[in-house]
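In what follows, a single structure is set out as structure tokens and then discussed.
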Amino acid sequence: MHIGSSRTPLIHKPESEPISMPSSSSSADPPPDNSRLIFISDPDLTHRESDPSPNSIHTTKYSLLTFIPRNLFEQFRRVAYIYFLLLALLNQIPQLTVFGRETAFVPLGVVLFATAVKDAYEDYCRYRSDKAENHRTAFVFSLSSLSFVSVPWKHVRAGDIVRVVADEAIPCDLVLLSTSDHSSGAAYVQTLNLDGESNLKTRYALQETLDRGAESWVGDGRALAVIRCEMPNLNIYGFQATIEIDGRRIPLGPNNVVLRGCEIKNTRWIIGVAVYTGMETKVMLNNSGAPSKRSRLETRMNREILMLAGTMVALCTIIATCTGVWLHQNRDKLDTLPFYRKRDFSGRTEKNYLYSGIGLEILFAFLKSIFSFQNFIPISLYISMEIARVTQSYMMTKDKNMYHEATDTKFQCRALNINEDLGQIKYVFSDKTGTLTENKMVFQCASVDGVDYSCAEEPVVGQVAPHPTVVDGQVWRPKMVVNTDPQLMHLLETGKGTQEWMHVYDFFIVLAACNTVVPQVSETSEQTVKLIEYQGESPDEQALVYAAAAYGFVLIERSSGHIVIDVLGERQRFTLLGLHEFDSDRKRMSVIVGCGDQTIKLFVKGADNAMLNVIDKTLDLHQIRATETHLHKYSSLGLRTLVIGMRELSTAEFEEWQLAYNKAGALLTERAESLRAVALKIECSLHILGASGIEDKLQQGVPEAIESLRQAGIKVWVLTGDKQETAISIGYSCKLLTDDMTQIIINSDSKESCKSTLEDAISTCEKVIATSPGTENQDMKGHMESQRVPVALIIDGPTLVFILETELEEELYKLATACDVVLCCRVAPLQKAGIVSLMKKRTSDMSLSIGDGMQ
């Protein structure tokens, strides 16, 4: 992610082209097709130039005008309803009337009316929710009173300056201008309602806007700054824009914007300018509206009704054909033939019996037969289904076993149309982190300079740190206590100045500095003691910073331009020159800092496979091999591992990076790709410092839940980005893998080996199935009995790349569906979505996806 002026001032700030700000009375230059102009504190000019959406939202499916036609259209997607409607229409023909013409529509009308009432109630609930949302209040800066006034959310406009206080929701997508943290400009937001992640995210205000008050954004009746941003889009993790202020154009990125639906936490207040409003906000663009849900049973019923209708038409055709043959054979006797007289000879009336000719009589015979066989498809079936659904949803909401006491919430049934799908699920696709695990990381061990420090001991309660962190006469202590290794602590205390000590020093400096964590200080019952709580986007980063603090490297201050670390009681200040945040392609993050000895260093941490590719193998080969051994050990224990590296940059390297970075950061399109290319170029030839092991504990009840799913015949797939050893260890912990399973492990490094490995795996799986008790003569497509030996497939991400890019998808599907358990490791987020999509496309069985990025 970019830093520049939005996060840290660079040493050499390039000259920016002067920009003339448009006045509110004159027309501004129109933005290009792929961008939009937002005039800060001037919503009138913003709406005149860019025409953004109002901030009111609507998630309802119907309106008063569209309810009847749209609801009827949705209901008549059921083939049976069309059938019943045709019967009622046919009953209006005099020759075919069986029931009263008016009463023929009553059964269908009752069903349609009952379903319409149910749909109307569900949509009314959405309407009430929208109304409550639109009438929530926000504080918007008023130009007339030069103060913040309370207005409904629906009246917030793009260009308005909005103030949000702690624990309040964001009314629209805002670019941060200032926060209550004047030193760093940081704000903490919870995106639980947006992406389901409970950990806090850090967002930053620009250094250039941090000290400006709301009234300073308007002067002489014209806007003093303008934001040129991309058009509204679905990407909740991306934002590309520039702000033009004081004659300079400064880049803005995802770290400078807070999105509608998020909540402010641990920050007293923020001030921002509205850029996207209403239905153009990212959360609403990702909301596809109220879907028309149909259960798998209902879809199958449609197919079966068509089959029944076809059978009935065939029978009616036979009857009509036979009628035509009989009429033709007896055409000369029809006037007097009993039970089929055309004429009335009674003399009481001159009117003859109805007869329309052989052709029409055949047609009427066909239609009358339909009435005779109409019970092939009983309308009472649908009435019974609707009653069963309503009753079942009521019973589920009242089920005490589904009540969650911790949050005082009960089961909620939001769509009555899909109740029956709950019992039809065959596959469960699950993420690991935050789904099977708590996503609460705890530092356990470290490998530094090729030495394993994994004999951590719990500190004695009340024990004073060897080098307490003292700030303004008060002792600052980390809020979380981390177990420490006595050998490593002894080295830090007694080995100062040695080469081993310097390695350990660099290792913990990287842990404390290479992150986006910001310390928050809180009071305690003791007047001389304060607690430091580290807030950050990633639980991994928080765990590493707490670990560094436990060993005496305490992060006490982080601002937009510097980092202050208390190193064993000695204060050290680092100038923050650059930051490349973690992304799923690079699988690492890096910071560039200016040290006290006037050197410039690059600190990097990341996944082992990504880091070992950029480590300089000509340096410390023994240390690299020892670290790889320790990584395998930590992974086998189920720990998450990270590799730590660094290198010193020359002045020429730094200036080259800075020039490329400024150029990439100023782009309005393809900025992320350009910044990634800059990061890849600088993150090379690293010196390895060591590795860390972090534990992410399983959530309560996960092993029991997975075991119950397997006993119910549901196949569980776990897709994780962890390395294979870690994934297997977690698999055993959560009872996904058991000792009685036959494991098939596939790791391939080429398309040819991938194909041959898949063929061997399919052959192995068939042999296991064939030799299992009770499954002789069963092939892989047959139904397997529960007594057979279970089979687990373990496959890594690189192998999946070869499979998904070639014609091997069919082989993977054949193998995976024959296995009881599938464990995919080293899988990127896009691969997770691709695997789930592949399975849902190829199998007709019901599946359930759980976890971020699995939909």
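Naming works like this for the structure tokens: A, B, ... for the chains as they're shown, residue 1 at the start of each chain, ligands 1 onward in shown order.
For Tyr505 (chain A), the residues within 9 Å (counting only C-alpha atoms, excluding itself and residues fewer than 6 positions away along the chain) are Leu492, Phe553 and Val567 of chain A.
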Now that the selection is made, can you save its residues with all heavy atoms as a short mmCIF file (atom, residue, chain, number, x, y, z; two decimals), in the first residue's frame?
data_model
loop_
_atom_site.label_atom_id
_atom_site.label_comp_id
_atom_site.auth_asym_id
_atom_site.auth_seq_id
_atom_site.Cartn_x
_atom_site.Cartn_y
_atom_site.Cartn_z
N LEU A 492 20.06 -11.55 25.77
CA LEU A 492 19.82 -10.12 25.68
C LEU A 492 20.41 -9.36 26.86
O LEU A 492 20.84 -8.21 26.71
CB LEU A 492 18.30 -9.86 25.59
CG LEU A 492 17.63 -10.22 24.26
CD1 LEU A 492 16.11 -10.16 24.40
CD2 LEU A 492 18.09 -9.28 23.15
N PHE A 553 11.73 -4.92 23.82
CA PHE A 553 11.69 -4.02 22.66
C PHE A 553 10.26 -3.49 22.56
O PHE A 553 9.42 -4.05 21.85
CB PHE A 553 12.10 -4.75 21.39
CG PHE A 553 13.54 -5.19 21.37
CD1 PHE A 553 13.96 -6.28 22.14
CD2 PHE A 553 14.48 -4.52 20.60
CE1 PHE A 553 15.28 -6.68 22.13
CE2 PHE A 553 15.80 -4.91 20.59
CZ PHE A 553 16.21 -5.99 21.36
N VAL A 567 14.24 0.17 23.71
CA VAL A 567 15.06 -1.03 23.58
C VAL A 567 15.81 -1.26 24.88
O VAL A 567 16.78 -0.56 25.19
CB VAL A 567 16.04 -0.91 22.39
CG1 VAL A 567 16.88 -2.18 22.27
CG2 VAL A 567 15.29 -0.64 21.10
#
Near-Pro251 (chain A) list (7 Å; only C-alpha atoms; drop same-chain fewer than 2 positions) as a PyMOL selection string: chain A and resi 241-243+249+253+665-666
Keeping only N, CA, C and O atoms, write the selected residues to a file as a PDB file, in the first residue's frame.
ATOM      1  N   ALA A 241      -7.331   7.629  -5.559  1.00  0.00           N
ATOM      2  CA  ALA A 241      -7.742   9.027  -5.685  1.00  0.00           C
ATOM      3  C   ALA A 241      -6.547   9.919  -5.413  1.00  0.00           C
ATOM      4  O   ALA A 241      -5.485   9.461  -4.970  1.00  0.00           O
ATOM      5  N   THR A 242      -6.724  11.191  -5.693  1.00  0.00           N
ATOM      6  CA  THR A 242      -5.742  12.220  -5.321  1.00  0.00           C
ATOM      7  C   THR A 242      -6.508  13.401  -4.749  1.00  0.00           C
ATOM      8  O   THR A 242      -7.658  13.651  -5.103  1.00  0.00           O
ATOM      9  N   ILE A 243      -5.856  14.118  -3.827  1.00  0.00           N
ATOM     10  CA  ILE A 243      -6.430  15.345  -3.284  1.00  0.00           C
ATOM     11  C   ILE A 243      -5.547  16.503  -3.724  1.00  0.00           C
ATOM     12  O   ILE A 243      -4.314  16.425  -3.647  1.00  0.00           O
ATOM     13  N   ARG A 249      -0.665  17.962  -5.590  1.00  0.00           N
ATOM     14  CA  ARG A 249      -1.540  16.806  -5.796  1.00  0.00           C
ATOM     15  C   ARG A 249      -0.969  15.650  -4.990  1.00  0.00           C
ATOM     16  O   ARG A 249       0.137  15.177  -5.247  1.00  0.00           O
ATOM     17  N   GLY A 253      -5.220   6.523  -0.792  1.00  0.00           N
ATOM     18  CA  GLY A 253      -5.378   5.084  -1.009  1.00  0.00           C
ATOM     19  C   GLY A 253      -6.368   4.479  -0.033  1.00  0.00           C
ATOM     20  O   GLY A 253      -7.060   5.185   0.709  1.00  0.00           O
ATOM     21  N   GLY A 665       2.527   5.992  -6.832  1.00  0.00           N
ATOM     22  CA  GLY A 665       1.526   6.456  -5.882  1.00  0.00           C
ATOM     23  C   GLY A 665       0.643   7.551  -6.424  1.00  0.00           C
ATOM     24  O   GLY A 665      -0.462   7.764  -5.919  1.00  0.00           O
ATOM     25  N   ALA A 666       1.092   8.276  -7.438  1.00  0.00           N
ATOM     26  CA  ALA A 666       0.310   9.371  -8.001  1.00  0.00           C
ATOM     27  C   ALA A 666      -0.659   8.908  -9.080  1.00  0.00           C
ATOM     28  O   ALA A 666      -1.466   9.694  -9.563  1.00  0.00           O
TER      29      ALA A 666
END
Can you tell me, as a PyMOL selection string, which residues in region 635-789 of chain A count as strand (DSSP E or B) by DSSP? chain A and resi 640-649+686-698+715-719+742-746
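Between Pro69 (chain A) and the candidates A:Val702, A:Val554, A:Val614, A:Ala116, the tightest atom-to-atom separation, counting only C-alpha atoms, involves A:Ala116.
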Any idea what's packed within 7 Å of Val257 (chain A), counting only C-alpha atoms, ignoring anything in its chain fewer than 6 positions away? Could you give it as JSON, numbers by chain? {"A": [173, 174, 175, 176, 203]}
Residues as selected, all heavy atoms, written as a compact mmCIF listing (two decimals), in the first residue's frame, can you do that?
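To be explicit, this is the file written out as out_21.txt:
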# COMPACT_ATOMS: atom_id res chain seq x y z
N ASP A 173 -19.27 6.61 2.51
CA ASP A 173 -17.83 6.43 2.33
C ASP A 173 -17.12 7.77 2.48
O ASP A 173 -17.40 8.72 1.74
CB ASP A 173 -17.53 5.84 0.96
CG ASP A 173 -18.07 4.41 0.81
OD1 ASP A 173 -18.51 3.86 1.83
OD2 ASP A 173 -18.03 3.87 -0.31
N LEU A 174 -16.21 7.85 3.46
CA LEU A 174 -15.55 9.11 3.80
C LEU A 174 -14.05 9.01 3.57
O LEU A 174 -13.43 7.99 3.89
CB LEU A 174 -15.78 9.46 5.29
CG LEU A 174 -17.21 9.61 5.80
CD1 LEU A 174 -17.20 9.83 7.31
CD2 LEU A 174 -17.89 10.78 5.11
N VAL A 175 -13.46 10.08 3.06
CA VAL A 175 -12.01 10.25 3.06
C VAL A 175 -11.63 10.99 4.33
O VAL A 175 -12.16 12.07 4.61
CB VAL A 175 -11.53 11.03 1.82
CG1 VAL A 175 -10.08 11.47 1.99
CG2 VAL A 175 -11.65 10.17 0.58
N LEU A 176 -10.75 10.41 5.14
CA LEU A 176 -10.38 11.01 6.42
C LEU A 176 -9.63 12.32 6.21
O LEU A 176 -8.69 12.40 5.41
CB LEU A 176 -9.49 10.04 7.22
CG LEU A 176 -10.20 8.90 7.94
CD1 LEU A 176 -9.18 8.00 8.61
CD2 LEU A 176 -11.17 9.43 8.96
N ARG A 203 -6.93 3.20 9.89
CA ARG A 203 -7.02 4.13 8.78
C ARG A 203 -6.35 5.44 9.19
O ARG A 203 -6.28 5.77 10.38
CB ARG A 203 -8.48 4.37 8.38
CG ARG A 203 -9.19 3.11 7.90
CD ARG A 203 -8.61 2.62 6.59
NE ARG A 203 -9.29 1.43 6.10
CZ ARG A 203 -8.85 0.20 6.26
NH1 ARG A 203 -7.71 -0.01 6.93
NH2 ARG A 203 -9.50 -0.83 5.76
Ala187 (chain A) environment, 7 Å, only C-alpha atoms, sequence neighbours closer than 5 positions dropped, as a ChimeraX atom specification: /A:179,202-204,267
Would you mind exporting the chosen residues as a PDB file, in the first residue's frame, restricted to N, CA, C and O atoms?
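What ended up in selection09.pdb:
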ATOM      1  N   THR A 179      -8.373  13.267  12.745  1.00  0.00           N
ATOM      2  CA  THR A 179      -8.857  12.372  13.789  1.00  0.00           C
ATOM      3  C   THR A 179      -8.469  12.938  15.145  1.00  0.00           C
ATOM      4  O   THR A 179      -7.740  13.937  15.237  1.00  0.00           O
ATOM      5  N   THR A 202      -6.820  -0.151  10.812  1.00  0.00           N
ATOM      6  CA  THR A 202      -6.271   1.183  11.038  1.00  0.00           C
ATOM      7  C   THR A 202      -6.391   2.007   9.762  1.00  0.00           C
ATOM      8  O   THR A 202      -6.005   1.556   8.683  1.00  0.00           O
ATOM      9  N   ARG A 203      -6.933   3.201   9.895  1.00  0.00           N
ATOM     10  CA  ARG A 203      -7.018   4.130   8.780  1.00  0.00           C
ATOM     11  C   ARG A 203      -6.350   5.437   9.191  1.00  0.00           C
ATOM     12  O   ARG A 203      -6.280   5.767  10.380  1.00  0.00           O
ATOM     13  N   TYR A 204      -5.857   6.199   8.224  1.00  0.00           N
ATOM     14  CA  TYR A 204      -5.045   7.372   8.513  1.00  0.00           C
ATOM     15  C   TYR A 204      -5.561   8.603   7.775  1.00  0.00           C
ATOM     16  O   TYR A 204      -6.007   8.511   6.627  1.00  0.00           O
ATOM     17  N   THR A 267     -11.280   5.415  19.072  1.00  0.00           N
ATOM     18  CA  THR A 267     -10.954   6.736  18.527  1.00  0.00           C
ATOM     19  C   THR A 267     -12.092   7.670  18.930  1.00  0.00           C
ATOM     20  O   THR A 267     -13.257   7.361  18.679  1.00  0.00           O
TER      21      THR A 267
END
Neighbouring residues of His490 (chain A) were defined as those with any atom within 12 Å, considering only C-alpha atoms; residues of the same chain fewer than 6 positions away were excluded. Please report them as a ChimeraX atom specification. /A:453,466,484,496,500-501,504,551-552
Those selected residues, please, written with N, CA, C and O atoms and delivered as a PDB file, in the first residue's frame.
ATOM      1  N   TYR A 453      14.626 -21.110  19.876  1.00  0.00           N
ATOM      2  CA  TYR A 453      14.245 -20.672  21.216  1.00  0.00           C
ATOM      3  C   TYR A 453      12.760 -20.993  21.407  1.00  0.00           C
ATOM      4  O   TYR A 453      11.885 -20.177  21.116  1.00  0.00           O
ATOM      5  N   PRO A 466      13.142  -6.522  33.594  1.00  0.00           N
ATOM      6  CA  PRO A 466      14.529  -6.106  33.861  1.00  0.00           C
ATOM      7  C   PRO A 466      14.797  -4.661  33.472  1.00  0.00           C
ATOM      8  O   PRO A 466      15.572  -3.972  34.124  1.00  0.00           O
ATOM      9  N   THR A 484       8.224 -16.134  27.683  1.00  0.00           N
ATOM     10  CA  THR A 484       9.552 -15.835  27.139  1.00  0.00           C
ATOM     11  C   THR A 484      10.499 -17.004  27.356  1.00  0.00           C
ATOM     12  O   THR A 484      10.364 -17.774  28.314  1.00  0.00           O
ATOM     13  N   LYS A 496      25.465  -8.287  25.217  1.00  0.00           N
ATOM     14  CA  LYS A 496      25.445  -7.058  24.435  1.00  0.00           C
ATOM     15  C   LYS A 496      26.791  -6.816  23.759  1.00  0.00           C
ATOM     16  O   LYS A 496      27.851  -6.931  24.368  1.00  0.00           O
ATOM     17  N   GLU A 500      25.965 -12.530  18.136  1.00  0.00           N
ATOM     18  CA  GLU A 500      24.673 -13.162  18.410  1.00  0.00           C
ATOM     19  C   GLU A 500      23.679 -12.136  18.933  1.00  0.00           C
ATOM     20  O   GLU A 500      22.499 -12.151  18.565  1.00  0.00           O
ATOM     21  N   TRP A 501      24.153 -11.231  19.799  1.00  0.00           N
ATOM     22  CA  TRP A 501      23.264 -10.214  20.365  1.00  0.00           C
ATOM     23  C   TRP A 501      22.753  -9.281  19.272  1.00  0.00           C
ATOM     24  O   TRP A 501      21.580  -8.893  19.277  1.00  0.00           O
ATOM     25  N   VAL A 504      19.926 -10.918  17.384  1.00  0.00           N
ATOM     26  CA  VAL A 504      18.694 -10.880  18.180  1.00  0.00           C
ATOM     27  C   VAL A 504      18.126  -9.468  18.198  1.00  0.00           C
ATOM     28  O   VAL A 504      16.908  -9.266  18.091  1.00  0.00           O
ATOM     29  N   TYR A 551      10.280  -9.130  25.373  1.00  0.00           N
ATOM     30  CA  TYR A 551      11.727  -9.289  25.397  1.00  0.00           C
ATOM     31  C   TYR A 551      12.456  -7.953  25.556  1.00  0.00           C
ATOM     32  O   TYR A 551      13.678  -7.896  25.417  1.00  0.00           O
ATOM     33  N   GLY A 552      11.719  -6.873  25.822  1.00  0.00           N
ATOM     34  CA  GLY A 552      12.344  -5.590  26.101  1.00  0.00           C
ATOM     35  C   GLY A 552      12.381  -4.615  24.952  1.00  0.00           C
ATOM     36  O   GLY A 552      12.981  -3.544  25.075  1.00  0.00           O
TER      37      GLY A 552
END
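Within the 6 Å cut-off around region 389-398 of chain A, using only C-alpha atoms and omitting residues fewer than 2 positions from it on the same chain, the listed residues are A:Glu386, A:Ile387, A:Phe411, A:Gln412.
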Same residues, N, CA and C atoms, output as a PDB file, in the first residue's frame:
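Saved file again.pdb follows:
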ATOM      1  N   GLU A 386     -46.490 -24.727   2.084  1.00  0.00           N
ATOM      2  CA  GLU A 386     -46.401 -23.393   2.690  1.00  0.00           C
ATOM      3  C   GLU A 386     -46.701 -23.451   4.183  1.00  0.00           C
ATOM      4  N   ILE A 387     -47.704 -24.234   4.556  1.00  0.00           N
ATOM      5  CA  ILE A 387     -48.024 -24.371   5.986  1.00  0.00           C
ATOM      6  C   ILE A 387     -46.868 -25.024   6.726  1.00  0.00           C
ATOM      7  N   PHE A 411     -32.365 -18.080  16.965  1.00  0.00           N
ATOM      8  CA  PHE A 411     -32.316 -18.397  15.542  1.00  0.00           C
ATOM      9  C   PHE A 411     -33.271 -17.483  14.767  1.00  0.00           C
ATOM     10  N   GLN A 412     -32.789 -17.006  13.616  1.00  0.00           N
ATOM     11  CA  GLN A 412     -33.618 -16.150  12.778  1.00  0.00           C
ATOM     12  C   GLN A 412     -33.788 -16.792  11.404  1.00  0.00           C
TER      13      GLN A 412
END
Could you write out, as an NGL selection string, all the residues of region 30-91 of chain A that DSSP marks as helix (DSSP H, G or I)? :A and (43-50 or 67-75 or 79-90)
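Straight-line separation from CA of Val258 (chain A) to CA of Leu555 (chain A): 25.7 Å.
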Just the residues within 9 Å of Ser380 (chain A), please, counting only C-alpha atoms, with nothing from its chain fewer than 4 positions along; format it as a PyMOL selection string. chain A and resi 107+384-385
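For the set A:Arg625, A:Ser184, A:Gly713, A:Gly450, the residue with the smallest atom-to-atom gap to Leu576 (chain A) is A:Ser184, counting only C-alpha atoms.
Restricting the calculation to only C-alpha atoms, the smallest distance between Lys832 (chain A) and any of A:Asp796, A:Asp399, A:Glu230, A:Asp130 is found for A:Asp796.
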